[in-house]
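**Student:** Below: one structure in structure tokens.
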Amino acid sequence: MRYFTELKTAELSSYATPFYYYDLKLLDDTLDAINDAIDGTNFKVHYAIKANANDEILSRVKAKGLGIDCVSGNEVRKAIDSGFLAKNISFAGVGKTDEEIAYGLDHDIFTFNVESLAELKVIDELAKEKQKVAGIAIRLNPNVNAKTHHYITTGLEENKFGINAWELPELFEMLPTLKKLSLKGIHFHIGSQINDLTVFKSLCNRVNDFQKQFKERGIALDHVNVGGGLGVNYTNPDEESIPDFNSFFQVFKDFLVVEPGQEVHFELGRSVVAQCGSLISKVLYIKEGIKTNFAIIDAGMTELIRPALYQSYHKIENISATSKENSKKYDVVGPICESSDCFGKAISLPETKRGDLIAIRSTGAYGEVMSSFYNLREKAKAFYSES
Ligand code: LLP
């Protein structure tokens with residue numbers, strides 16, 4: 001209850017809706033919690049910039065010393081333009097273009113996290129042309145079930161990500177022939193919004209198996225990158241404003257076998273920024289339907305696509321209401337011409353009227369950054385609170 005809910009509705013009502021509202025104090029505290037949890041370890045956290053590339057957020061992340069994990073050339077460019085050091089930038093993605101690889105080579109980024117044998121050859125050739133040596137990590141598909149929504153599951157053999165276990169013999173044959181690649185580590189990322197920590201234990205076991213195979217061939221790895229994926233509490237954001245990073249990292253302390261001097265890298269996105277953001281919107285109309293009341297708000301799937309795309313739950317609050325009495329059920333919907341433009345069905349809200357402010361909570365991750373211009377909508381602005 002210390003964070004967002006204490007904010008003054010009066011202040012919020014002075015901004016044009018819809019807008020994203022970020023609690024930067026909560027972000028700072030979250031980053032501090034991460035740094036405290038890894039203090040004294042050989043763990044290093046890269047922030048997954050895909051979760052939110054807002055300038056203010058990036059500057060806080062940079063100030064707290066995290067690196068950056070990217071999945072497109074423009075994300076690499078954004079990280080460099082925002083002042084992150086190239087040596088702290090890794091670049092994953094199954095479909096890197098030649099131009100994107102060239103950009104990363106020109107800036108000597110830390111690693112290309114390579115997702116196929118074909119990509120290895122292309123990076124080697126492009127590095128040769130530039131007379132450079134490319135730092136790489138091999139992204140491996142561990143075939144571990146993340147037990148999350150199937151759209152955000154990435155570590156199963158049926159998924160397009162990473163090099164599969166059966167390709168390892170060919171990989172080991174190829175590696176010595178690729179003279180312009182410097183192998184620095186192995187990389188895994190099995191999915192997102194993972195709340196069952198035993199999933200990460202299964203990941204550790206698979207990583208240990210893979211590590212063994214590299215070791216047996218005398219291949220030294222400076223680091224093991226275990227990706228991101230830690231989930232957040234969307235149901236009760238105020239009860240868990242800061243995810244339990246200690247328990248998360250403890251799983252890796254307990255179950256990951258690390259070689260002397262080896263670093264363990266993490267790529268956290270959602271757990272860093274989800275809880276610090278809310279989408280604030282105004283009620284335009286209340287409309288009585290046959291079975292339900294609609295609260296039609298001025299934010300739509302163009303500002304927040306997660307409910308439409310993943311049927312995801314976000315807590316919805318009427319922050320103008322002064323009393324919680326007379327609560328009614330509403331389908332909270334946006335103005336976009338799609339029936340999936342719905343933020344929640346049968347949501348209990350205090351009696352709601354035109355002009356009330358609605359907060360859609362836990363939208364700091366994969367909210368603003370996934371917005372679109374459909375229906376020729378304009379990009380929502382962002383505002384910030386410092387305390
Ligand atoms: N590393 C890689 C290679 C990734 O692909 C991702 C996320 C992450 C790290 C960060 O994962 P996180 O810690 O945020 O779970 N748009 C979806 C989520 C897609 C995640 C894509 N990859 C959503 O709104 O739920």
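By order of appearance in the structure tokens: chains A, B, ..., then residues from 1 within every chain, and ligands from 1 in the order shown.
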Restrict the calculation to only C-alpha atoms, then for each residue of stretch 50-121 of chain A with any atom at most 10 Å from an atom of stretch 186-202 of chain A give the closest atom pair and their distance in Å to one decimal, rows by chain and rising residue number, as a tab-separated table.
**Tutor:**
```
residue	atom	partner	partner_atom	distance
A:Ala92	CA	A:His187	CA	9.1
A:Asn113	CA	A:His187	CA	6.9
A:Val114	CA	A:His187	CA	8.7
A:Glu115	CA	A:His187	CA	9.4
```
**Student:** Please build the interface table for stretch 114-153 of chain A against stretch 178-182 of chain A with a cut-off of 8 Å, listing for each qualifying residue the nearest atom pair and the distance in Å to one decimal; count only C-alpha atoms, order rows by chain and increasing number, and write it as a tab-separated table.
**Tutor:**
```
residue	atom	partner	partner_atom	distance
A:Lys121	CA	A:Leu178	CA	7.2
A:Ile123	CA	A:Leu181	CA	7.8
A:Asp124	CA	A:Lys180	CA	5.2
A:Glu125	CA	A:Lys180	CA	7.7
A:Ala127	CA	A:Lys180	CA	6.1
A:Lys128	CA	A:Lys180	CA	6.1
A:Lys132	CA	A:Lys180	CA	6.8
A:Val133	CA	A:Lys180	CA	4.7
A:Ala134	CA	A:Leu181	CA	4.9
A:Gly135	CA	A:Ser182	CA	4.9
A:Ile136	CA	A:Ser182	CA	6.0
```
**Student:** Output N, CA, C and O atoms for every residue in the selection just made, as a PDB file, in the first residue's frame.
**Tutor:**
```pdb
ATOM      1  N   LYS A 121      26.990 -19.059 -38.811  1.00  0.00           N
ATOM      2  CA  LYS A 121      27.807 -18.869 -40.020  1.00  0.00           C
ATOM      3  C   LYS A 121      27.699 -17.434 -40.522  1.00  0.00           C
ATOM      4  O   LYS A 121      28.686 -16.842 -40.931  1.00  0.00           O
ATOM      5  N   ILE A 123      26.997 -14.681 -38.823  1.00  0.00           N
ATOM      6  CA  ILE A 123      27.712 -13.720 -37.955  1.00  0.00           C
ATOM      7  C   ILE A 123      29.219 -13.850 -38.196  1.00  0.00           C
ATOM      8  O   ILE A 123      29.944 -12.851 -38.275  1.00  0.00           O
ATOM      9  N   ASP A 124      29.700 -15.081 -38.355  1.00  0.00           N
ATOM     10  CA  ASP A 124      31.125 -15.290 -38.614  1.00  0.00           C
ATOM     11  C   ASP A 124      31.545 -14.579 -39.911  1.00  0.00           C
ATOM     12  O   ASP A 124      32.555 -13.877 -39.945  1.00  0.00           O
ATOM     13  N   GLU A 125      30.736 -14.721 -40.952  1.00  0.00           N
ATOM     14  CA  GLU A 125      31.067 -14.088 -42.242  1.00  0.00           C
ATOM     15  C   GLU A 125      31.046 -12.567 -42.136  1.00  0.00           C
ATOM     16  O   GLU A 125      31.947 -11.891 -42.631  1.00  0.00           O
ATOM     17  N   ALA A 127      31.450 -10.780 -39.507  1.00  0.00           N
ATOM     18  CA  ALA A 127      32.573 -10.325 -38.675  1.00  0.00           C
ATOM     19  C   ALA A 127      33.868 -10.329 -39.498  1.00  0.00           C
ATOM     20  O   ALA A 127      34.682  -9.399 -39.398  1.00  0.00           O
ATOM     21  N   LYS A 128      34.014 -11.373 -40.321  1.00  0.00           N
ATOM     22  CA  LYS A 128      35.214 -11.451 -41.174  1.00  0.00           C
ATOM     23  C   LYS A 128      35.302 -10.225 -42.084  1.00  0.00           C
ATOM     24  O   LYS A 128      36.336  -9.592 -42.189  1.00  0.00           O
ATOM     25  N   LYS A 132      36.489  -8.118 -37.587  1.00  0.00           N
ATOM     26  CA  LYS A 132      36.171  -8.057 -36.151  1.00  0.00           C
ATOM     27  C   LYS A 132      36.029  -9.471 -35.628  1.00  0.00           C
ATOM     28  O   LYS A 132      35.875 -10.422 -36.401  1.00  0.00           O
ATOM     29  N   VAL A 133      36.019  -9.576 -34.295  1.00  0.00           N
ATOM     30  CA  VAL A 133      35.677 -10.858 -33.684  1.00  0.00           C
ATOM     31  C   VAL A 133      34.376 -10.631 -32.905  1.00  0.00           C
ATOM     32  O   VAL A 133      34.285  -9.696 -32.099  1.00  0.00           O
ATOM     33  N   ALA A 134      33.376 -11.460 -33.189  1.00  0.00           N
ATOM     34  CA  ALA A 134      32.071 -11.280 -32.532  1.00  0.00           C
ATOM     35  C   ALA A 134      32.002 -12.109 -31.259  1.00  0.00           C
ATOM     36  O   ALA A 134      32.267 -13.317 -31.283  1.00  0.00           O
ATOM     37  N   GLY A 135      31.634 -11.470 -30.166  1.00  0.00           N
ATOM     38  CA  GLY A 135      31.362 -12.214 -28.934  1.00  0.00           C
ATOM     39  C   GLY A 135      30.018 -12.912 -29.102  1.00  0.00           C
ATOM     40  O   GLY A 135      29.048 -12.287 -29.527  1.00  0.00           O
ATOM     41  N   ILE A 136      29.977 -14.196 -28.794  1.00  0.00           N
ATOM     42  CA  ILE A 136      28.689 -14.890 -28.925  1.00  0.00           C
ATOM     43  C   ILE A 136      28.381 -15.736 -27.684  1.00  0.00           C
ATOM     44  O   ILE A 136      29.279 -16.154 -26.943  1.00  0.00           O
TER      45      ILE A 136
END
```
**Student:** Please, which residues have at least one atom within 8 Å of an atom of ligand 1, using only C-alpha atoms and all ligand atoms, listed as a short mmCIF file (atom, residue, chain, number, x, y, z; two decimals) with N, CA, C and O atoms, in the first residue's frame?
**Tutor:**
```cif
data_model
loop_
_atom_site.label_atom_id
_atom_site.label_comp_id
_atom_site.auth_asym_id
_atom_site.auth_seq_id
_atom_site.Cartn_x
_atom_site.Cartn_y
_atom_site.Cartn_z
N TYR A 47 18.75 -5.91 -17.86
CA TYR A 47 17.32 -5.58 -17.95
C TYR A 47 16.84 -5.87 -19.38
O TYR A 47 17.48 -5.44 -20.35
N ALA A 48 15.74 -6.60 -19.50
CA ALA A 48 15.18 -6.91 -20.83
C ALA A 48 14.42 -5.68 -21.32
O ALA A 48 13.27 -5.45 -20.94
N LYS A 50 12.91 -4.96 -23.83
CA LYS A 50 11.64 -5.15 -24.54
C LYS A 50 10.45 -4.92 -23.62
O LYS A 50 9.37 -4.60 -24.07
N ALA A 51 10.65 -5.04 -22.32
CA ALA A 51 9.53 -4.88 -21.39
C ALA A 51 9.06 -3.44 -21.31
O ALA A 51 7.87 -3.17 -21.12
N ASP A 69 19.47 -6.43 -22.09
CA ASP A 69 19.22 -7.55 -23.00
C ASP A 69 18.30 -7.05 -24.11
O ASP A 69 17.26 -6.46 -23.83
N CYS A 70 18.73 -7.26 -25.34
CA CYS A 70 17.97 -6.75 -26.50
C CYS A 70 17.52 -7.89 -27.40
O CYS A 70 18.15 -8.95 -27.42
N VAL A 71 16.47 -7.62 -28.19
CA VAL A 71 16.03 -8.61 -29.19
C VAL A 71 15.79 -7.97 -30.55
O VAL A 71 15.13 -8.57 -31.40
N ALA A 92 19.72 -11.08 -28.42
CA ALA A 92 19.13 -12.37 -28.80
C ALA A 92 18.11 -12.14 -29.93
O ALA A 92 17.92 -11.02 -30.39
N GLY A 93 17.46 -13.21 -30.37
CA GLY A 93 16.44 -13.09 -31.41
C GLY A 93 16.69 -14.09 -32.53
O GLY A 93 17.84 -14.25 -32.96
N TYR A 151 1.50 -18.55 -25.32
CA TYR A 151 2.10 -17.51 -26.17
C TYR A 151 3.41 -16.99 -25.60
O TYR A 151 4.18 -16.35 -26.32
N ILE A 152 3.64 -17.19 -24.30
CA ILE A 152 4.88 -16.67 -23.71
C ILE A 152 5.74 -17.80 -23.16
O ILE A 152 6.51 -17.62 -22.23
N THR A 154 8.76 -20.28 -24.24
CA THR A 154 9.78 -20.21 -25.29
C THR A 154 10.78 -21.36 -25.24
O THR A 154 11.58 -21.51 -26.16
N PHE A 188 19.86 -19.30 -22.10
CA PHE A 188 18.56 -19.98 -22.02
C PHE A 188 17.51 -18.92 -21.69
O PHE A 188 17.79 -17.96 -20.97
N HIS A 189 16.31 -19.09 -22.20
CA HIS A 189 15.18 -18.28 -21.70
C HIS A 189 13.94 -19.10 -21.99
O HIS A 189 13.62 -19.38 -23.14
N GLY A 191 10.63 -18.67 -20.86
CA GLY A 191 9.27 -18.11 -20.91
C GLY A 191 9.12 -16.99 -19.89
O GLY A 191 10.09 -16.60 -19.24
N SER A 192 7.90 -16.50 -19.80
CA SER A 192 7.66 -15.30 -19.01
C SER A 192 6.48 -15.51 -18.07
O SER A 192 5.68 -16.42 -18.26
N GLN A 193 6.39 -14.64 -17.05
CA GLN A 193 5.32 -14.72 -16.03
C GLN A 193 5.31 -16.11 -15.39
O GLN A 193 4.29 -16.79 -15.31
N ILE A 194 6.50 -16.51 -14.91
CA ILE A 194 6.65 -17.82 -14.25
C ILE A 194 6.59 -17.59 -12.74
O ILE A 194 7.43 -16.89 -12.18
N GLY A 227 18.47 -16.27 -18.58
CA GLY A 227 17.30 -15.55 -19.09
C GLY A 227 16.50 -14.85 -18.01
O GLY A 227 17.00 -14.55 -16.91
N GLY A 228 15.23 -14.60 -18.33
CA GLY A 228 14.36 -13.89 -17.38
C GLY A 228 13.19 -14.77 -17.01
O GLY A 228 13.33 -15.97 -16.88
N GLY A 229 12.01 -14.16 -16.87
CA GLY A 229 10.81 -14.95 -16.71
C GLY A 229 10.11 -14.86 -15.38
O GLY A 229 8.98 -15.34 -15.25
N LEU A 230 10.76 -14.27 -14.37
CA LEU A 230 10.11 -14.23 -13.06
C LEU A 230 8.78 -13.47 -13.14
O LEU A 230 8.73 -12.36 -13.68
N GLY A 231 7.73 -14.06 -12.61
CA GLY A 231 6.40 -13.47 -12.70
C GLY A 231 6.13 -12.43 -11.61
O GLY A 231 6.92 -12.28 -10.67
N PHE A 266 21.37 -12.94 -15.83
CA PHE A 266 19.90 -13.00 -15.82
C PHE A 266 19.39 -11.88 -16.72
O PHE A 266 20.03 -10.83 -16.84
N GLU A 267 18.22 -12.10 -17.32
CA GLU A 267 17.61 -11.07 -18.18
C GLU A 267 16.20 -10.82 -17.70
O GLU A 267 15.25 -11.38 -18.24
N LEU A 268 16.06 -9.99 -16.69
CA LEU A 268 14.74 -9.75 -16.10
C LEU A 268 14.07 -8.55 -16.75
O LEU A 268 14.68 -7.49 -16.89
N GLY A 269 12.83 -8.72 -17.13
CA GLY A 269 12.06 -7.63 -17.72
C GLY A 269 10.85 -7.30 -16.87
O GLY A 269 10.84 -6.35 -16.09
N ARG A 270 9.85 -8.17 -16.96
CA ARG A 270 8.57 -7.94 -16.28
C ARG A 270 8.75 -7.66 -14.79
O ARG A 270 8.16 -6.72 -14.24
N SER A 271 9.55 -8.49 -14.11
CA SER A 271 9.65 -8.36 -12.65
C SER A 271 10.30 -7.04 -12.24
O SER A 271 10.13 -6.60 -11.11
N VAL A 272 11.01 -6.39 -13.17
CA VAL A 272 11.65 -5.11 -12.84
C VAL A 272 10.63 -3.97 -12.95
O VAL A 272 10.60 -3.07 -12.10
N ILE A 305 -2.41 -4.09 -24.87
CA ILE A 305 -2.96 -5.20 -25.67
C ILE A 305 -2.97 -6.52 -24.89
O ILE A 305 -3.56 -7.51 -25.35
N ARG A 306 -2.35 -6.56 -23.71
CA ARG A 306 -2.19 -7.84 -23.00
C ARG A 306 -3.51 -8.57 -22.75
O ARG A 306 -3.60 -9.77 -22.99
N TYR A 310 -3.42 -12.08 -24.58
CA TYR A 310 -3.12 -13.24 -23.73
C TYR A 310 -4.23 -13.52 -22.71
O TYR A 310 -4.01 -14.28 -21.77
N SER A 312 -5.00 -11.77 -20.36
CA SER A 312 -4.32 -11.57 -19.07
C SER A 312 -5.17 -10.71 -18.14
O SER A 312 -5.96 -9.87 -18.59
N ALA A 365 5.15 -3.35 -17.54
CA ALA A 365 5.87 -4.23 -18.46
C ALA A 365 4.95 -4.63 -19.61
O ALA A 365 3.80 -5.01 -19.37
N TYR A 366 5.45 -4.56 -20.81
CA TYR A 366 4.72 -4.97 -22.01
C TYR A 366 3.40 -4.23 -22.16
O TYR A 366 2.41 -4.77 -22.63
N GLY A 367 3.37 -2.98 -21.70
CA GLY A 367 2.20 -2.13 -21.85
C GLY A 367 2.50 -1.06 -22.90
O GLY A 367 2.26 -1.25 -24.10
N MET A 370 4.15 -2.03 -26.17
CA MET A 370 3.39 -2.82 -27.15
C MET A 370 2.21 -2.03 -27.71
O MET A 370 1.32 -2.60 -28.34
#
```
**Student:** Out of stretch 249-331 of chain A, which residues get helix (DSSP H, G or I) from DSSP, as a list in words?
**Tutor:**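 Going through stretch 249-331 of chain A, the helix (DSSP H, G or I) residues come out as Phe249, Gln250, Val251, Phe252, Lys253, Asp254, Phe255, Arg270, Ser271, Val272, Val273, Ala274, Gln275, Cys276, Arg306, Pro307, Ala308, Leu309 and Tyr310 of chain A.
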**Student:** Show me, as a tab-separated table, the residues of stretch 117-136 of chain A having an atom within 12 Å of stretch 157-162 of chain A, each with the closest atom pair and its distance in Å, using only C-alpha atoms.
**Tutor:**
```
residue	atom	partner	partner_atom	distance
A:Leu117	CA	A:Gly162	CA	9.5
A:Ala118	CA	A:Gly162	CA	11.6
A:Glu119	CA	A:Gly162	CA	10.7
A:Leu120	CA	A:Gly162	CA	11.7
```
**Student:** Applying 9 Å and only C-alpha atoms, which residues near A:Ser247 remain after dropping the ones on its own chain fewer than 3 positions away? List them as a list in words.
**Tutor:**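 After dropping sequence-adjacent residues, the list is Ala37, Leu197, Asp244, Gln250 and Val251 of chain A.
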**Student:** Name all residues at most 12 Å from A:Leu26 (count only C-alpha atoms; drop same-chain ones fewer than 4 positions away) and give them as a PyMOL selection string.
**Tutor:** chain A and resi 1-5+21-22+30-33+57+60+237-238+240-243+271-277+362+364+384-387
